[in-house]
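Engineer: Below is the file work39.pdb, with PDB, C-alpha atoms.
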```pdb
ATOM      1  CA  ASP A   1     100.576  -3.344  28.606  1.00  0.00           C
ATOM      2  CA  VAL A   2      98.914  -6.660  29.459  1.00  0.00           C
ATOM      3  CA  VAL A   3     102.280  -8.343  30.020  1.00  0.00           C
ATOM      4  CA  ALA A   4     103.474  -5.468  32.221  1.00  0.00           C
ATOM      5  CA  LEU A   5     100.268  -5.419  34.252  1.00  0.00           C
ATOM      6  CA  ALA A   6     100.266  -9.206  34.724  1.00  0.00           C
ATOM      7  CA  ALA A   7     103.848  -9.102  36.007  1.00  0.00           C
ATOM      8  CA  HIS A   8     102.974  -6.161  38.261  1.00  0.00           C
ATOM      9  CA  ALA A   9     100.007  -8.093  39.678  1.00  0.00           C
ATOM     10  CA  GLU A  10     102.200 -11.077  40.500  1.00  0.00           C
ATOM     11  CA  GLN A  11     104.831  -8.890  42.167  1.00  0.00           C
ATOM     12  CA  HIS A  12     102.269  -7.141  44.368  1.00  0.00           C
ATOM     13  CA  GLY A  13     100.402 -10.104  45.803  1.00  0.00           C
ATOM     14  CA  ALA A  14      97.475 -10.620  43.447  1.00  0.00           C
ATOM     15  CA  VAL A  15      95.834 -14.036  43.657  1.00  0.00           C
ATOM     16  CA  ALA A  16      94.871 -14.318  39.971  1.00  0.00           C
ATOM     17  CA  VAL A  17      94.930 -12.513  36.640  1.00  0.00           C
ATOM     18  CA  GLY A  18      91.869 -11.861  34.494  1.00  0.00           C
ATOM     19  CA  LEU A  19      92.102 -10.552  30.956  1.00  0.00           C
ATOM     20  CA  MET A  20      89.999  -9.626  27.947  1.00  0.00           C
ATOM     21  CA  PRO A  21      91.165  -9.904  24.326  1.00  0.00           C
ATOM     22  CA  PRO A  22      92.463  -6.959  22.308  1.00  0.00           C
ATOM     23  CA  VAL A  23      89.392  -5.081  21.059  1.00  0.00           C
ATOM     24  CA  PHE A  24      90.877  -2.897  18.299  1.00  0.00           C
ATOM     25  CA  PHE A  25      93.017  -5.434  16.448  1.00  0.00           C
ATOM     26  CA  LYS A  26      90.847  -8.404  17.376  1.00  0.00           C
ATOM     27  CA  PRO A  27      92.335 -11.914  17.218  1.00  0.00           C
ATOM     28  CA  PRO A  28      91.169 -13.369  13.869  1.00  0.00           C
ATOM     29  CA  THR A  29      91.376 -17.026  14.942  1.00  0.00           C
ATOM     30  CA  ILE A  30      91.317 -19.042  18.133  1.00  0.00           C
ATOM     31  CA  THR A  31      95.016 -19.771  17.550  1.00  0.00           C
ATOM     32  CA  ASN A  32      95.784 -16.049  17.675  1.00  0.00           C
ATOM     33  CA  LEU A  33      93.753 -15.639  20.856  1.00  0.00           C
ATOM     34  CA  GLY A  34      95.473 -18.615  22.472  1.00  0.00           C
ATOM     35  CA  ALA A  35      98.913 -17.248  21.655  1.00  0.00           C
ATOM     36  CA  TRP A  36      97.991 -13.879  23.156  1.00  0.00           C
ATOM     37  CA  ILE A  37      96.641 -15.437  26.379  1.00  0.00           C
ATOM     38  CA  GLU A  38      99.727 -17.659  26.659  1.00  0.00           C
ATOM     39  CA  THR A  39     101.986 -14.607  26.425  1.00  0.00           C
ATOM     40  CA  ALA A  40     100.055 -12.853  29.181  1.00  0.00           C
ATOM     41  CA  ALA A  41      99.936 -15.966  31.372  1.00  0.00           C
ATOM     42  CA  ASN A  42     103.698 -16.463  31.035  1.00  0.00           C
ATOM     43  CA  ALA A  43     104.238 -12.963  32.437  1.00  0.00           C
ATOM     44  CA  ALA A  44     102.744 -14.112  35.762  1.00  0.00           C
ATOM     45  CA  PRO A  45     103.501 -17.835  35.878  1.00  0.00           C
ATOM     46  CA  SER A  46     102.660 -18.298  39.561  1.00  0.00           C
ATOM     47  CA  LEU A  47      99.122 -16.903  39.179  1.00  0.00           C
ATOM     48  CA  PRO A  48      96.048 -18.574  37.689  1.00  0.00           C
ATOM     49  CA  THR A  49      94.964 -16.724  34.551  1.00  0.00           C
ATOM     50  CA  TYR A  50      91.327 -16.392  33.534  1.00  0.00           C
ATOM     51  CA  TYR A  51      89.925 -15.272  30.197  1.00  0.00           C
ATOM     52  CA  TYR A  52      86.991 -12.847  30.392  1.00  0.00           C
ATOM     53  CA  HIS A  53      84.486 -13.851  27.685  1.00  0.00           C
ATOM     54  CA  ILE A  54      82.166 -10.885  27.135  1.00  0.00           C
ATOM     55  CA  PRO A  55      81.521 -10.660  23.379  1.00  0.00           C
ATOM     56  CA  SER A  56      78.897  -7.927  23.791  1.00  0.00           C
ATOM     57  CA  MET A  57      81.747  -5.587  24.820  1.00  0.00           C
ATOM     58  CA  THR A  58      84.759  -7.025  22.963  1.00  0.00           C
ATOM     59  CA  GLY A  59      83.251  -8.248  19.693  1.00  0.00           C
ATOM     60  CA  VAL A  60      85.290 -11.465  20.037  1.00  0.00           C
ATOM     61  CA  THR A  61      82.781 -14.276  19.583  1.00  0.00           C
ATOM     62  CA  PHE A  62      84.653 -17.597  19.508  1.00  0.00           C
ATOM     63  CA  ASP A  63      83.094 -20.640  21.159  1.00  0.00           C
ATOM     64  CA  MET A  64      84.846 -21.133  24.471  1.00  0.00           C
ATOM     65  CA  ILE A  65      85.122 -24.898  24.027  1.00  0.00           C
ATOM     66  CA  ASP A  66      87.567 -24.099  21.224  1.00  0.00           C
ATOM     67  CA  LEU A  67      89.521 -21.793  23.529  1.00  0.00           C
ATOM     68  CA  VAL A  68      89.892 -24.267  26.402  1.00  0.00           C
ATOM     69  CA  THR A  69      90.890 -26.943  23.879  1.00  0.00           C
ATOM     70  CA  GLU A  70      93.502 -24.580  22.424  1.00  0.00           C
ATOM     71  CA  MET A  71      94.892 -23.631  25.839  1.00  0.00           C
ATOM     72  CA  ASP A  72      95.082 -27.292  26.798  1.00  0.00           C
ATOM     73  CA  ARG A  73      96.913 -28.056  23.538  1.00  0.00           C
ATOM     74  CA  ARG A  74      99.382 -25.278  24.322  1.00  0.00           C
ATOM     75  CA  GLY A  75     100.032 -26.704  27.781  1.00  0.00           C
ATOM     76  CA  VAL A  76      99.713 -23.380  29.606  1.00  0.00           C
ATOM     77  CA  ASP A  77      99.787 -24.692  33.162  1.00  0.00           C
ATOM     78  CA  ASN A  78      98.458 -21.535  34.823  1.00  0.00           C
ATOM     79  CA  PHE A  79      95.524 -21.019  32.452  1.00  0.00           C
ATOM     80  CA  ALA A  80      92.701 -21.606  34.925  1.00  0.00           C
ATOM     81  CA  GLY A  81      89.496 -21.048  32.983  1.00  0.00           C
ATOM     82  CA  VAL A  82      86.895 -18.613  31.708  1.00  0.00           C
ATOM     83  CA  LYS A  83      84.620 -15.991  33.152  1.00  0.00           C
ATOM     84  CA  PHE A  84      81.685 -16.734  30.865  1.00  0.00           C
ATOM     85  CA  THR A  85      79.594 -13.574  30.588  1.00  0.00           C
ATOM     86  CA  GLY A  86      78.454 -14.197  27.008  1.00  0.00           C
ATOM     87  CA  LEU A  87      75.506 -16.302  28.142  1.00  0.00           C
ATOM     88  CA  TYR A  88      73.029 -14.396  25.984  1.00  0.00           C
ATOM     89  CA  GLU A  89      74.869 -15.373  22.801  1.00  0.00           C
ATOM     90  CA  THR A  90      73.782 -18.095  20.359  1.00  0.00           C
ATOM     91  CA  ARG A  91      74.707 -21.598  21.603  1.00  0.00           C
ATOM     92  CA  ALA A  92      76.053 -20.083  24.827  1.00  0.00           C
ATOM     93  CA  PHE A  93      74.687 -22.616  27.305  1.00  0.00           C
ATOM     94  CA  PRO A  94      75.676 -25.696  25.265  1.00  0.00           C
ATOM     95  CA  ASP A  95      79.122 -24.101  24.929  1.00  0.00           C
ATOM     96  CA  ALA A  96      79.344 -23.387  28.670  1.00  0.00           C
ATOM     97  CA  MET A  97      78.239 -26.935  29.509  1.00  0.00           C
ATOM     98  CA  ARG A  98      80.864 -28.429  27.214  1.00  0.00           C
ATOM     99  CA  CYS A  99      83.531 -26.222  28.789  1.00  0.00           C
ATOM    100  CA  ALA A 100      82.510 -27.174  32.329  1.00  0.00           C
ATOM    101  CA  ALA A 101      82.650 -30.873  31.418  1.00  0.00           C
ATOM    102  CA  TYR A 102      85.918 -30.677  29.465  1.00  0.00           C
ATOM    103  CA  LYS A 103      88.282 -33.357  30.765  1.00  0.00           C
ATOM    104  CA  ASP A 104      86.156 -33.854  33.891  1.00  0.00           C
ATOM    105  CA  GLY A 105      86.190 -30.181  34.862  1.00  0.00           C
ATOM    106  CA  LYS A 106      89.835 -29.371  34.185  1.00  0.00           C
ATOM    107  CA  TYR A 107      89.071 -25.632  33.963  1.00  0.00           C
ATOM    108  CA  ASP A 108      87.034 -23.265  36.114  1.00  0.00           C
ATOM    109  CA  ILE A 109      84.043 -21.948  34.198  1.00  0.00           C
ATOM    110  CA  LEU A 110      82.542 -18.985  36.046  1.00  0.00           C
ATOM    111  CA  SER A 111      79.246 -17.319  35.193  1.00  0.00           C
ATOM    112  CA  GLY A 112      79.237 -13.566  34.688  1.00  0.00           C
ATOM    113  CA  ARG A 113      75.432 -13.321  34.512  1.00  0.00           C
ATOM    114  CA  GLU A 114      73.951 -13.335  37.983  1.00  0.00           C
ATOM    115  CA  GLU A 115      70.362 -13.228  36.714  1.00  0.00           C
ATOM    116  CA  LEU A 116      71.009 -16.571  34.968  1.00  0.00           C
ATOM    117  CA  MET A 117      72.247 -18.317  38.116  1.00  0.00           C
ATOM    118  CA  ILE A 118      69.822 -21.235  37.992  1.00  0.00           C
ATOM    119  CA  GLU A 119      70.521 -21.899  34.327  1.00  0.00           C
ATOM    120  CA  SER A 120      74.264 -21.661  34.961  1.00  0.00           C
ATOM    121  CA  LEU A 121      74.129 -24.153  37.823  1.00  0.00           C
ATOM    122  CA  ALA A 122      72.156 -26.540  35.624  1.00  0.00           C
ATOM    123  CA  ALA A 123      74.908 -26.291  32.983  1.00  0.00           C
ATOM    124  CA  GLY A 124      77.557 -27.371  35.514  1.00  0.00           C
ATOM    125  CA  ILE A 125      78.906 -23.921  36.386  1.00  0.00           C
ATOM    126  CA  GLU A 126      79.713 -23.618  40.086  1.00  0.00           C
ATOM    127  CA  GLY A 127      81.303 -20.184  40.452  1.00  0.00           C
ATOM    128  CA  PHE A 128      80.023 -16.665  39.808  1.00  0.00           C
ATOM    129  CA  ILE A 129      81.553 -13.213  39.343  1.00  0.00           C
ATOM    130  CA  GLY A 130      79.187 -10.320  38.909  1.00  0.00           C
ATOM    131  CA  SER A 131      78.639  -6.622  39.455  1.00  0.00           C
ATOM    132  CA  GLN A 132      75.138  -7.121  40.860  1.00  0.00           C
ATOM    133  CA  PHE A 133      76.669  -8.826  43.888  1.00  0.00           C
ATOM    134  CA  ASN A 134      77.839  -5.376  44.980  1.00  0.00           C
ATOM    135  CA  TYR A 135      74.272  -4.387  45.829  1.00  0.00           C
ATOM    136  CA  GLY A 136      72.493  -7.751  45.898  1.00  0.00           C
ATOM    137  CA  GLY A 137      74.939 -10.344  47.160  1.00  0.00           C
ATOM    138  CA  ASP A 138      72.499 -11.477  49.827  1.00  0.00           C
ATOM    139  CA  ILE A 139      69.803 -11.963  47.177  1.00  0.00           C
ATOM    140  CA  TYR A 140      72.019 -14.182  45.046  1.00  0.00           C
ATOM    141  CA  ASN A 141      73.344 -16.107  48.048  1.00  0.00           C
ATOM    142  CA  ALA A 142      69.731 -16.958  48.853  1.00  0.00           C
ATOM    143  CA  ILE A 143      69.154 -18.195  45.297  1.00  0.00           C
ATOM    144  CA  TYR A 144      72.356 -20.234  45.308  1.00  0.00           C
ATOM    145  CA  SER A 145      71.558 -21.837  48.672  1.00  0.00           C
ATOM    146  CA  GLU A 146      67.876 -22.609  48.044  1.00  0.00           C
ATOM    147  CA  THR A 147      67.195 -26.291  47.376  1.00  0.00           C
ATOM    148  CA  ASP A 148      63.468 -26.071  46.690  1.00  0.00           C
ATOM    149  CA  MET A 149      63.286 -25.445  42.951  1.00  0.00           C
ATOM    150  CA  THR A 150      59.917 -23.701  43.021  1.00  0.00           C
ATOM    151  CA  LYS A 151      61.134 -21.238  45.634  1.00  0.00           C
ATOM    152  CA  ARG A 152      64.514 -20.892  43.907  1.00  0.00           C
ATOM    153  CA  ASN A 153      62.770 -19.938  40.665  1.00  0.00           C
ATOM    154  CA  ALA A 154      60.665 -17.376  42.511  1.00  0.00           C
ATOM    155  CA  LEU A 155      63.748 -15.861  44.142  1.00  0.00           C
ATOM    156  CA  GLN A 156      65.546 -15.604  40.823  1.00  0.00           C
ATOM    157  CA  LEU A 157      62.514 -13.951  39.242  1.00  0.00           C
ATOM    158  CA  ALA A 158      62.588 -11.417  42.076  1.00  0.00           C
ATOM    159  CA  SER A 159      66.273 -10.742  41.344  1.00  0.00           C
ATOM    160  CA  ILE A 160      65.458 -10.228  37.668  1.00  0.00           C
ATOM    161  CA  GLU A 161      62.720  -7.767  38.591  1.00  0.00           C
ATOM    162  CA  LEU A 162      65.250  -5.831  40.688  1.00  0.00           C
ATOM    163  CA  LEU A 163      67.631  -5.780  37.723  1.00  0.00           C
ATOM    164  CA  TYR A 164      64.866  -4.294  35.599  1.00  0.00           C
ATOM    165  CA  VAL A 165      64.140  -1.712  38.273  1.00  0.00           C
ATOM    166  CA  TRP A 166      67.334   0.088  37.347  1.00  0.00           C
ATOM    167  CA  LEU A 167      67.378  -0.867  33.674  1.00  0.00           C
ATOM    168  CA  GLU A 168      63.961   0.769  33.260  1.00  0.00           C
ATOM    169  CA  ASN A 169      64.297   3.701  35.670  1.00  0.00           C
ATOM    170  CA  VAL A 170      67.822   4.981  35.020  1.00  0.00           C
ATOM    171  CA  PRO A 171      68.652   6.897  31.806  1.00  0.00           C
ATOM    172  CA  SER A 172      71.119   5.193  29.493  1.00  0.00           C
ATOM    173  CA  THR A 173      73.507   8.121  30.042  1.00  0.00           C
ATOM    174  CA  ILE A 174      74.024   6.999  33.653  1.00  0.00           C
ATOM    175  CA  ASP A 175      75.628   3.857  35.116  1.00  0.00           C
ATOM    176  CA  GLY A 176      72.583   2.355  36.821  1.00  0.00           C
ATOM    177  CA  ASN A 177      74.478  -0.512  38.439  1.00  0.00           C
ATOM    178  CA  LYS A 178      76.856   1.894  40.144  1.00  0.00           C
ATOM    179  CA  LEU A 179      73.928   4.032  41.284  1.00  0.00           C
ATOM    180  CA  MET A 180      72.362   0.920  42.828  1.00  0.00           C
ATOM    181  CA  VAL A 181      75.565   0.250  44.775  1.00  0.00           C
ATOM    182  CA  ASN A 182      75.471   3.785  46.162  1.00  0.00           C
ATOM    183  CA  LEU A 183      71.822   3.318  47.151  1.00  0.00           C
ATOM    184  CA  ALA A 184      72.778   0.094  48.927  1.00  0.00           C
ATOM    185  CA  GLY A 185      74.988   2.118  51.260  1.00  0.00           C
ATOM    186  CA  VAL A 186      78.360   1.601  49.607  1.00  0.00           C
ATOM    187  CA  PRO A 187      79.574   5.131  48.746  1.00  0.00           C
ATOM    188  CA  ILE A 188      81.596   4.492  45.595  1.00  0.00           C
ATOM    189  CA  GLY A 189      80.626   7.759  43.899  1.00  0.00           C
ATOM    190  CA  PRO A 190      79.516   8.308  40.305  1.00  0.00           C
ATOM    191  CA  ALA A 191      80.859   6.485  37.282  1.00  0.00           C
ATOM    192  CA  ARG A 192      83.631   7.970  35.168  1.00  0.00           C
ATOM    193  CA  LEU A 193      83.050   9.600  31.813  1.00  0.00           C
ATOM    194  CA  PRO A 194      81.663   8.882  29.300  1.00  0.00           C
ATOM    195  CA  MET A 195      78.858   7.974  31.743  1.00  0.00           C
ATOM    196  CA  LEU A 196      77.289  11.079  33.280  1.00  0.00           C
ATOM    197  CA  PRO A 197      76.656  11.734  36.989  1.00  0.00           C
ATOM    198  CA  PRO A 198      73.049  11.273  38.134  1.00  0.00           C
ATOM    199  CA  SER A 199      70.892  14.231  39.075  1.00  0.00           C
ATOM    200  CA  ASP A 200      69.037  14.402  42.387  1.00  0.00           C
ATOM    201  CA  GLU A 201      65.897  13.564  40.439  1.00  0.00           C
ATOM    202  CA  ASP A 202      67.531  10.461  38.940  1.00  0.00           C
ATOM    203  CA  VAL A 203      68.529   9.277  42.409  1.00  0.00           C
ATOM    204  CA  ALA A 204      65.074   9.943  43.841  1.00  0.00           C
ATOM    205  CA  THR A 205      63.342   8.123  40.962  1.00  0.00           C
ATOM    206  CA  LEU A 206      65.494   5.039  41.346  1.00  0.00           C
ATOM    207  CA  LYS A 207      65.183   5.049  45.133  1.00  0.00           C
ATOM    208  CA  ALA A 208      61.388   5.121  44.881  1.00  0.00           C
ATOM    209  CA  ALA A 209      61.442   2.271  42.359  1.00  0.00           C
ATOM    210  CA  VAL A 210      63.692   0.178  44.626  1.00  0.00           C
ATOM    211  CA  GLN A 211      61.365   0.874  47.548  1.00  0.00           C
ATOM    212  CA  GLY A 212      58.496  -0.403  45.414  1.00  0.00           C
ATOM    213  CA  TRP A 213      60.418  -3.591  44.661  1.00  0.00           C
ATOM    214  CA  CYS A 214      61.176  -4.040  48.350  1.00  0.00           C
ATOM    215  CA  GLY A 215      57.526  -3.716  49.235  1.00  0.00           C
ATOM    216  CA  GLN A 216      56.662  -6.489  46.806  1.00  0.00           C
ATOM    217  CA  TYR A 217      59.581  -8.918  47.103  1.00  0.00           C
ATOM    218  CA  ALA A 218      61.746  -8.395  50.201  1.00  0.00           C
ATOM    219  CA  ALA A 219      59.586 -10.621  52.420  1.00  0.00           C
ATOM    220  CA  MET A 220      60.466 -13.607  50.191  1.00  0.00           C
ATOM    221  CA  PHE A 221      64.040 -13.559  51.537  1.00  0.00           C
ATOM    222  CA  ASP A 222      64.315 -15.144  54.980  1.00  0.00           C
ATOM    223  CA  ASN A 223      67.271 -13.031  56.105  1.00  0.00           C
ATOM    224  CA  GLY A 224      66.036  -9.736  54.680  1.00  0.00           C
ATOM    225  CA  VAL A 225      67.555  -7.694  51.862  1.00  0.00           C
ATOM    226  CA  ALA A 226      70.356  -5.226  52.560  1.00  0.00           C
ATOM    227  CA  ILE A 227      69.447  -2.727  49.863  1.00  0.00           C
ATOM    228  CA  CYS A 228      65.909  -2.554  51.248  1.00  0.00           C
ATOM    229  CA  ASN A 229      67.287  -1.745  54.691  1.00  0.00           C
ATOM    230  CA  ALA A 230      69.397   0.976  53.085  1.00  0.00           C
ATOM    231  CA  VAL A 231      66.630   2.714  51.123  1.00  0.00           C
ATOM    232  CA  GLY A 232      63.972   2.408  53.845  1.00  0.00           C
ATOM    233  CA  SER A 233      60.233   2.345  53.285  1.00  0.00           C
ATOM    234  CA  ALA A 234      58.389   4.465  50.775  1.00  0.00           C
ATOM    235  CA  VAL A 235      56.687   7.511  52.279  1.00  0.00           C
ATOM    236  CA  VAL A 236      52.941   7.404  51.732  1.00  0.00           C
ATOM    237  CA  VAL A 237      51.404  10.872  51.346  1.00  0.00           C
ATOM    238  CA  GLU A 238      47.683  11.047  52.076  1.00  0.00           C
TER     239      GLU A 238
END
```
The structure in this file should be written as structure tokens.
Structural biologist:
Amino acid sequence: DVVALAAHAEQHGAVAVGLMPPVFFKPPTITNLGAWIETAANAAPSLPTYYYHIPSMTGVTFDMIDLVTEMDRRGVDNFAGVKFTGLYETRAFPDAMRCAAYKDGKYDILSGREELMIESLAAGIEGFIGSQFNYGGDIYNAIYSETDMTKRNALQLASIELLYVWLENVPSTIDGNKLMVNLAGVPIGPARLPMLPPSDEDVATLKAAVQGWCGQYAAMFDNGVAICNAVGSAVVVE
């Protein structure tokens, strides 16, 4: 399936291929994983191929410095790098830093954890891919662009508090990130099963919590915050 989809992507104008490892029959060694990625990359030789490192979802926990070394050894010309989402894992930031520095930055190492943007930049990571950008891209652009470290830290803390708004106010049965995108004015609908659709009460609870965050943090962002414009102000009942 991966080979067929990679070839399909190349034939239909995709600009890159991203792939995760097999998650049922997991690769037992880094050599196995490298061989699998090489096979997929060869199916779309004109496209850069990125490996999606998210061990919390795949259960594949290799250090990525071993993977980039293996792909370099194999000489896979269109292997472009790693989306490094496993930044909460043991030794993750030393691993990410080593990958970013490998052969003077031969491979793209992209962070998949928006709320760790400052730490990722400090480790030498320059690119980011994340689902929170769908509702908070302006927030993270402000963090990325800020040069005053004290203010940058404060902005990132605000982004973390917004992350916890939905982590703490949305039941685990519901896709809170997707609900945030809908609140931000992007009508993408509910998540697919096995996640359940939100009730009106779920939506109202999250909207009120986001309004509370906006009242406390939105003024910190010089160009405003789009999701705050979308949800409006909280109604005060006297």
Engineer: In Å, how far is it from CA of Ala96 (chain A) to CA of Ser56 (chain A)?
Structural biologist: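 We find that CA of Ala96 (chain A) and CA of Ser56 (chain A) lie 16.2 Å from each other.
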Engineer: Kindly indicate which residue among A:Asp222, A:Asp175, A:Glu10, A:Glu201 lies nearest to Ile143 (chain A), using all atoms listed in the file for the distances.
Structural biologist: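 Closest to Ile143 (chain A), using all atoms listed in the file: A:Asp222.
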Engineer: Restricting the calculation to all atoms listed in the file: of A:Thr39, A:Thr90, A:Asn32, A:Thr58, which residue gets closest to Val76 (chain A)?
Structural biologist: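 Among A:Thr39, A:Thr90, A:Asn32, A:Thr58, it is A:Thr39 that comes nearest to Val76 (chain A).
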Engineer: When you look at Ala154 (chain A) with a cut-off of 12 Å (counting all atoms listed in the file), what residues show up, excluding the ones that are within fewer than 3 positions of it in the same chain? I need them as a list in words.
Structural biologist: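 Contacts, with the query itself left out: Ile118, Ile139, Ala142, Ile143, Glu146, Asp148, Met149, Thr150, Lys151, Leu157, Ala158, Ser159, Ile160, Glu161, Tyr217, Ala218, Met220 and Phe221 of chain A.
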Engineer: Might you pull out every residue within 7 Å of Val231 (chain A), with all atoms listed in the file counted and same-chain residues fewer than 4 positions away left off, and present them as a list in words?
Structural biologist: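 Listed by chain and then number, they are Leu183, Lys207, Gln211 and Ile227 of chain A.
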Engineer: Which distance in Å separates CA of His53 (chain A) and CA of Ala184 (chain A), to one decimal?
Structural biologist: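 Taking CA of His53 (chain A) as the start and CA of Ala184 (chain A) as the end point, the length is 28.0 Å.
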Engineer: Go through the shown structure with the PyMOL selection byres ((chain A and resi 206) around 9) and write out the matching residues as a list in words.
Structural biologist: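 Selected by the PyMOL selection byres ((chain A and resi 206) around 9) here: Val165, Trp166, Asn169, Val170, Gly176, Leu179, Met180, Leu183, Glu201, Asp202, Val203, Ala204, Thr205, Lys207, Ala208, Ala209, Val210 and Gln211 of chain A.
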Engineer: Which is closer to Gly130 (chain A) than all the others in A:Val17, A:Tyr52, A:Cys99, A:Tyr164, using all atoms listed in the file?
Structural biologist: A:Tyr52
